[in-house]
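Pasting input-v7.txt here (compact mmCIF, C-alpha atoms):
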# COMPACT_ATOMS: atom_id res chain seq x y z
CA MET A 135 -38.84 -32.95 55.52
CA THR A 136 -41.38 -30.14 54.99
CA SER A 137 -44.03 -30.75 52.28
CA HIS A 138 -45.97 -28.27 50.23
CA ALA A 139 -48.98 -29.00 52.37
CA ASP A 140 -47.01 -28.21 55.51
CA LEU A 141 -46.25 -24.75 54.07
CA GLY A 142 -49.88 -24.12 53.25
CA PHE A 143 -49.45 -24.50 49.47
CA ASP A 144 -51.51 -26.84 47.36
CA LEU A 145 -50.32 -25.72 43.90
CA ASP A 146 -48.74 -27.66 41.05
CA VAL A 147 -45.75 -26.10 39.24
CA ARG A 148 -46.39 -26.53 35.54
CA ASP A 149 -43.69 -27.95 33.30
CA THR A 150 -42.32 -25.41 30.74
CA ASP A 151 -40.79 -28.02 28.48
CA ALA A 152 -43.70 -27.98 26.06
CA VAL A 153 -43.56 -24.19 25.70
CA ALA A 154 -39.78 -24.23 25.24
CA ASP A 155 -39.98 -27.03 22.70
CA ARG A 156 -42.63 -25.19 20.70
CA ARG A 157 -40.55 -21.97 20.88
CA ASP A 158 -37.48 -23.79 19.57
CA GLU A 159 -39.52 -25.41 16.81
CA LEU A 160 -40.81 -22.02 15.64
CA VAL A 161 -37.38 -20.39 15.82
CA ALA A 162 -35.91 -23.20 13.71
CA ALA A 163 -38.65 -22.76 11.12
CA VAL A 164 -38.09 -19.00 10.95
CA ARG A 165 -34.32 -19.55 10.77
CA ASP A 166 -34.76 -21.76 7.71
CA HIS A 167 -37.22 -19.39 6.06
CA ALA A 168 -35.34 -16.15 6.80
CA GLY A 169 -32.15 -17.93 5.74
CA GLN A 170 -33.52 -17.86 2.20
CA ILE A 171 -33.86 -14.08 2.45
CA ALA A 172 -30.31 -13.83 3.81
CA TYR A 173 -28.98 -15.89 0.91
CA GLN A 174 -30.82 -13.80 -1.67
CA LEU A 175 -29.68 -10.62 0.07
CA ALA A 176 -26.05 -11.75 -0.13
CA ARG A 177 -26.43 -12.40 -3.85
CA LEU A 178 -28.06 -9.01 -4.37
CA GLN A 179 -25.49 -7.02 -2.37
CA GLY A 180 -22.52 -9.05 -3.58
CA GLY A 181 -20.54 -8.87 -0.34
CA ASP A 182 -19.48 -11.26 2.41
CA TYR A 183 -21.35 -9.21 4.99
CA GLY A 184 -24.55 -7.22 4.74
CA ARG A 185 -27.89 -6.31 6.21
CA GLN A 186 -31.29 -5.08 5.10
CA THR A 187 -33.98 -3.28 7.09
CA LEU A 188 -37.59 -3.97 6.15
CA SER A 189 -40.38 -1.70 7.38
CA THR A 190 -43.82 -3.04 8.24
CA SER A 191 -46.91 -1.71 9.94
CA GLY A 192 -45.74 -3.38 13.14
CA GLY A 193 -42.18 -2.07 13.17
CA GLU A 194 -38.88 -2.82 11.47
CA TRP A 195 -37.13 -6.09 10.68
CA THR A 196 -33.38 -6.33 10.19
CA VAL A 197 -31.87 -9.25 8.33
CA LYS A 198 -28.09 -9.62 8.66
CA HIS A 199 -26.04 -12.19 6.82
CA GLU A 200 -22.44 -13.37 6.85
CA ALA A 201 -21.27 -15.06 3.65
CA GLY A 202 -24.88 -15.72 2.73
CA GLU A 203 -25.74 -17.37 6.04
CA LEU A 204 -28.32 -15.77 8.34
CA GLU A 205 -26.51 -14.16 11.28
CA PHE A 206 -29.54 -12.66 12.99
CA LEU A 207 -33.14 -11.63 12.44
CA LEU A 208 -34.16 -8.67 14.60
CA PHE A 209 -37.68 -7.31 15.11
CA SER A 210 -37.98 -3.74 16.41
CA PRO A 211 -41.68 -3.18 17.12
CA THR A 212 -43.26 0.26 16.99
CA SER A 213 -43.75 -0.09 20.74
CA GLY A 214 -41.90 -2.39 23.07
CA SER A 215 -38.44 -3.89 23.17
CA ASP A 216 -36.40 -5.33 20.33
CA VAL A 217 -36.65 -9.08 19.79
CA TYR A 218 -33.88 -11.17 18.29
CA VAL A 219 -36.09 -13.79 16.68
CA VAL A 220 -32.98 -15.56 15.40
CA SER A 221 -29.50 -14.97 16.81
CA THR A 222 -26.35 -16.74 17.89
CA LYS A 223 -27.20 -16.09 21.54
CA GLN A 224 -30.14 -17.09 23.72
CA PRO A 225 -33.53 -17.83 22.19
CA PRO A 226 -36.29 -15.20 22.46
CA ASP A 227 -38.94 -15.02 25.13
CA PRO A 228 -42.00 -17.01 23.97
CA GLY A 229 -44.33 -14.04 24.39
CA ALA A 230 -42.06 -11.70 22.47
CA LEU A 231 -41.62 -14.37 19.80
CA ALA A 232 -45.37 -14.69 19.40
CA THR A 233 -45.69 -10.91 18.91
CA ALA A 234 -42.87 -10.90 16.35
CA LEU A 235 -44.17 -13.87 14.38
CA ALA A 236 -47.55 -12.22 14.04
CA ASP A 237 -45.80 -9.51 12.00
CA TYR A 238 -43.27 -11.75 10.21
CA PRO A 239 -45.46 -12.34 7.13
CA ASN A 240 -45.46 -8.55 6.66
CA ALA A 241 -41.64 -8.61 6.71
CA VAL A 242 -41.60 -11.24 3.97
CA ALA A 243 -44.03 -9.14 1.93
CA ALA A 244 -41.78 -6.10 2.44
CA TRP A 245 -38.81 -8.12 1.16
CA ASN A 246 -40.76 -9.19 -1.89
CA ASP A 247 -41.75 -5.57 -2.55
CA HIS A 248 -38.11 -4.56 -2.25
CA VAL A 249 -37.06 -7.16 -4.82
CA ALA A 250 -39.91 -6.17 -7.12
CA SER A 251 -38.84 -2.51 -6.92
CA LEU A 252 -35.47 -3.50 -8.39
CA SER A 253 -36.91 -5.50 -11.23
CA GLY A 254 -35.82 -4.09 -14.57
CA VAL A 255 -33.51 -1.51 -12.99
CA LEU A 256 -30.70 -2.65 -15.31
CA ASP A 257 -32.77 -3.22 -18.44
CA ASP A 258 -31.72 0.04 -20.08
CA VAL A 259 -28.07 -0.22 -19.06
CA SER A 260 -25.88 -1.04 -22.04
CA ALA A 261 -23.14 -3.62 -21.79
CA GLU A 262 -21.46 -2.25 -24.92
CA PHE A 263 -18.37 -0.29 -23.95
CA PRO A 264 -15.68 1.42 -26.03
CA ASP A 265 -12.46 -0.53 -26.52
CA PRO A 266 -9.68 0.62 -24.18
CA ASP A 267 -6.62 1.99 -25.93
CA SER A 268 -3.41 0.01 -25.73
CA THR A 269 -0.50 1.36 -23.69
CA ASP A 270 2.07 -0.59 -25.69
CA GLY A 271 3.52 2.48 -27.40
CA LEU A 272 3.69 4.46 -24.16
CA VAL A 273 5.33 1.57 -22.31
CA ALA A 274 7.88 1.14 -25.09
CA GLU A 275 8.80 4.83 -24.88
CA ARG A 276 9.06 4.65 -21.10
CA ASP A 277 11.31 1.60 -21.34
CA ARG A 278 13.47 3.29 -23.98
CA VAL A 279 14.17 6.22 -21.64
CA LEU A 280 14.63 3.94 -18.62
CA ASP A 281 17.08 1.75 -20.55
CA ALA A 282 19.18 4.84 -21.32
CA ILE A 283 19.08 5.88 -17.65
CA ARG A 284 19.97 2.35 -16.56
CA ASP A 285 22.89 2.18 -19.01
CA ALA A 286 24.28 5.46 -17.67
CA CYS A 287 23.84 4.29 -14.08
CA SER A 288 25.61 1.03 -14.89
CA VAL A 289 28.65 2.96 -16.05
CA MET A 290 28.60 5.15 -12.96
CA ALA A 291 28.12 2.18 -10.60
CA GLY A 292 30.95 0.23 -12.20
CA GLU A 293 33.36 3.15 -12.20
CA ILE A 294 32.62 4.23 -8.61
CA HIS A 295 32.86 0.64 -7.44
CA ARG A 296 36.26 0.39 -9.10
CA TYR A 297 37.34 3.68 -7.55
CA GLU A 298 35.99 3.06 -4.05
CA GLY A 299 36.96 -0.60 -3.91
CA ASP A 300 33.94 -1.51 -1.78
CA ASP A 301 31.36 -4.11 -2.76
CA TYR A 302 28.47 -1.89 -1.68
CA GLY A 303 28.03 1.84 -1.69
CA THR A 304 26.08 4.87 -2.87
CA PHE A 305 26.68 7.98 -4.86
CA THR A 306 24.44 10.92 -3.96
CA ALA A 307 23.92 14.38 -5.37
CA ARG A 308 21.33 17.14 -5.02
CA VAL A 309 19.71 18.33 -8.25
CA ASP A 310 17.22 21.21 -8.20
CA GLY A 311 16.49 20.57 -4.54
CA ASP A 312 15.97 16.80 -4.92
CA ARG A 313 18.31 14.25 -3.40
CA TRP A 314 19.40 11.62 -5.94
CA GLU A 315 20.95 8.40 -4.74
CA LEU A 316 22.56 5.66 -6.83
CA LYS A 317 23.28 2.47 -4.93
CA TRP A 318 25.57 -0.19 -6.32
CA ASP A 319 26.06 -3.81 -5.37
CA GLU A 320 29.41 -5.27 -6.48
CA GLY A 321 29.54 -2.87 -9.37
CA ALA A 322 25.98 -3.43 -10.56
CA VAL A 323 23.10 -0.97 -10.13
CA SER A 324 20.93 -1.79 -7.11
CA TYR A 325 18.64 1.24 -7.38
CA LEU A 326 18.36 4.88 -8.41
CA ARG A 327 16.13 6.86 -6.08
CA VAL A 328 14.94 10.47 -6.14
CA GLY A 329 13.74 12.30 -3.04
CA GLY A 330 15.28 10.47 -0.09
CA SER A 331 14.08 7.34 1.72
CA GLY A 332 10.44 7.94 0.87
CA GLY A 333 11.13 9.02 -2.69
CA LEU A 334 10.63 7.58 -6.15
CA TYR A 335 12.65 4.65 -7.47
CA LEU A 336 13.50 5.24 -11.12
CA ILE A 337 15.48 1.99 -11.15
CA SER A 338 14.89 -0.83 -8.70
CA GLN A 339 14.45 -4.57 -8.41
CA TYR A 340 10.70 -4.10 -8.37
CA GLU A 341 8.15 -2.49 -10.69
CA ALA A 342 9.04 0.23 -13.14
CA PRO A 343 7.92 3.81 -12.46
CA SER A 344 5.02 5.35 -14.36
CA ALA A 345 5.56 7.06 -17.68
CA LEU A 346 4.62 10.39 -16.06
CA ASP A 347 7.31 9.93 -13.41
CA VAL A 348 9.88 9.06 -16.05
CA ARG A 349 8.90 12.17 -18.00
CA GLU A 350 9.24 14.32 -14.86
CA TYR A 351 12.70 13.09 -13.92
CA ALA A 352 14.33 12.30 -17.26
CA GLU A 353 15.62 15.84 -17.73
CA PRO A 354 16.77 16.31 -14.10
CA PHE A 355 18.67 13.03 -14.46
CA ARG A 356 21.04 14.94 -16.75
CA GLY A 357 21.88 17.09 -13.74
CA PHE A 358 22.66 13.96 -11.74
CA VAL A 359 25.00 12.78 -14.48
CA ASP A 360 26.64 16.22 -14.51
CA ALA A 361 27.17 15.90 -10.75
CA TYR A 362 28.83 12.52 -11.27
CA ASN A 363 31.10 13.96 -13.99
CA GLU A 364 32.05 16.81 -11.66
CA PHE A 365 32.89 14.20 -9.04
CA VAL A 366 35.09 12.41 -11.56
CA ALA A 367 36.88 15.67 -12.40
CA ASP A 368 37.36 16.51 -8.73
CA VAL A 369 39.02 13.23 -7.79
CA GLU A 370 41.24 13.42 -10.88
CA SER A 371 41.24 9.67 -11.43
CA ASP A 372 40.82 7.53 -14.47
CA LEU A 373 37.11 7.20 -13.88
CA SER A 374 35.08 7.49 -17.05
CA SER A 375 32.59 10.29 -17.42
CA VAL A 376 29.13 9.67 -18.86
CA ASP A 377 27.63 11.18 -21.98
CA LEU A 378 23.90 11.18 -22.67
As structure tokens:
Amino acid sequence: MTSHADLGFDLDVRDTDAVADRRDELVAAVRDHAGQIAYQLARLQGGDYGRQTLSTSGGEWTVKHEAGELEFLLFSPTSGSDVYVVSTKQPPDPGALATALADYPNAVAAWNDHVASLSGVLDDVSAEFPDPDSTDGLVAERDRVLDAIRDACSVMAGEIHRYEGDDYGTFTARVDGDRWELKWDEGAVSYLRVGGSGGLYLISQYEAPSALDVREYAEPFRGFVDAYNEFVADVESDLSSVDL
């Protein structure tokens, strides 16, 4: 077996454990300290994710948090390569860490200045707001018109169901360029839709349309009823017509 002496070397390889241990100790301390900044930043920004860049004489520091927990602390010096002082990946090079930590107190001071600059920013903002008006009257009027439309559709659905003899079906008509479709299910109204498959549901199993939509289509609905009555007259059956 060849020894170091046989190769002409008489050098000891120094152990790096002490340097690595000290590096890890410093990173852990910075992680705890910068974690306070990350927590305060999350409270200030109010989101689950966020970041803040702090400028110092030595460069820029970026604090990024996720749900208030420090995700990374990045130092971008004015000259040289970026250093992730804290990250979820490999620890920084000890030399780069030493350079970054020499400027870290300046980053903390920059954070404190940032917080101080926001002090009192909301002092003159009033929390007294006008009372919002109630929509009760408007909703009642919308429902009154919708109830009349639903009643008319119920008559049409029941009569067409009786005439057609099918449990499911639709009655369609075009009014002023819009396609109206009334669908029934065993004689009951399933929906009334205006404008095709991507159109507006005046009657459905889900939410009611807006008052503005009801206002827009209430008058054209008369044309839809007229189309139904013409259908009744054409088939010459005992179907009942609808009056509004």
What's around A:Leu326 at 7 Å? Count only C-alpha atoms, leave out sequence neighbours fewer than 6 positions away in its own chain, and write the answer as a list in words. Glu315, Leu316, Lys317, Tyr335, Leu336, Ile337 and Ser338 of chain A
Select, counting all atoms listed in the file, all protein, DNA and RNA residues no farther than 12 Å from (-44.0, -15.3, 27.0) in file coordinates, and express the selection as a ChimeraX atom specification. /A:150,153-154,156-157,225-234
Atom CA of A:Asp368 to atom CA of A:Val289 measures 17.7 Å
Around (11.2, 4.7, -13.6) in the file's frame, which residues reach within 10 Å when counting only C-alpha atoms? Return as JSON, numbers by chain? {"A": [276, 277, 279, 280, 281, 283, 284, 326, 327, 334, 335, 336, 337, 338, 341, 342, 343, 344, 345, 346, 347, 348, 349, 350, 351, 352]}
With stretch 236-243 of chain A as the partner and 9 Å as the cut-off, tabulate the residues of stretch 184-204 of chain A that qualify, each row holding the nearest pair of atoms and their distance in Å to one decimal, using all atoms listed in the file, sorted by chain and rising number, as a tab-separated table.
residue	atom	partner	partner_atom	distance
A:Leu188	CA	A:Ala241	CA	6.2
A:Ser189	CA	A:Ala241	CA	7.1
A:Thr190	CA	A:Asn240	CA	6.0
A:Ser191	CA	A:Asn240	CA	7.7
A:Gly192	CA	A:Asp237	CA	6.2
A:Gly193	CA	A:Asp237	CA	8.4
A:Glu194	CA	A:Ala241	CA	8.0
A:Trp195	CA	A:Ala241	CA	6.5
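The two atoms in question, atom CA of A:Phe206 and atom CA of A:Arg185, are spaced 9.4 Å apart.
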I'd like to know which of A:Arg313, A:Arg308, A:His248, A:His167 is closest to A:Gln186, using all atoms listed in the file. A:His248
Report, as lines of an AutoDock Vina configuration file, the centre and edge lengths in Å (one decimal) of the axis-aligned box enclosing every listed atom of stretch 255-267 of chain A, padded by 4 Å on each side.
center_x = -20.1
center_y = -0.8
center_z = -19.8
size_x = 34.9
size_y = 13.6
size_z = 21.5
Nearest to A:Gly180 among A:Ala201, A:Ala250, A:Ala152, A:Met290, with distances taken over all atoms listed in the file: which residue is it? A:Ala201
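Residues surrounding A:Glu320 within 9 Å are Ala291, Gly292, His295, Asp300, Asp301, Tyr302 and Gly303 of chain A [all atoms listed in the file; sequence separation below 5 positions excluded].
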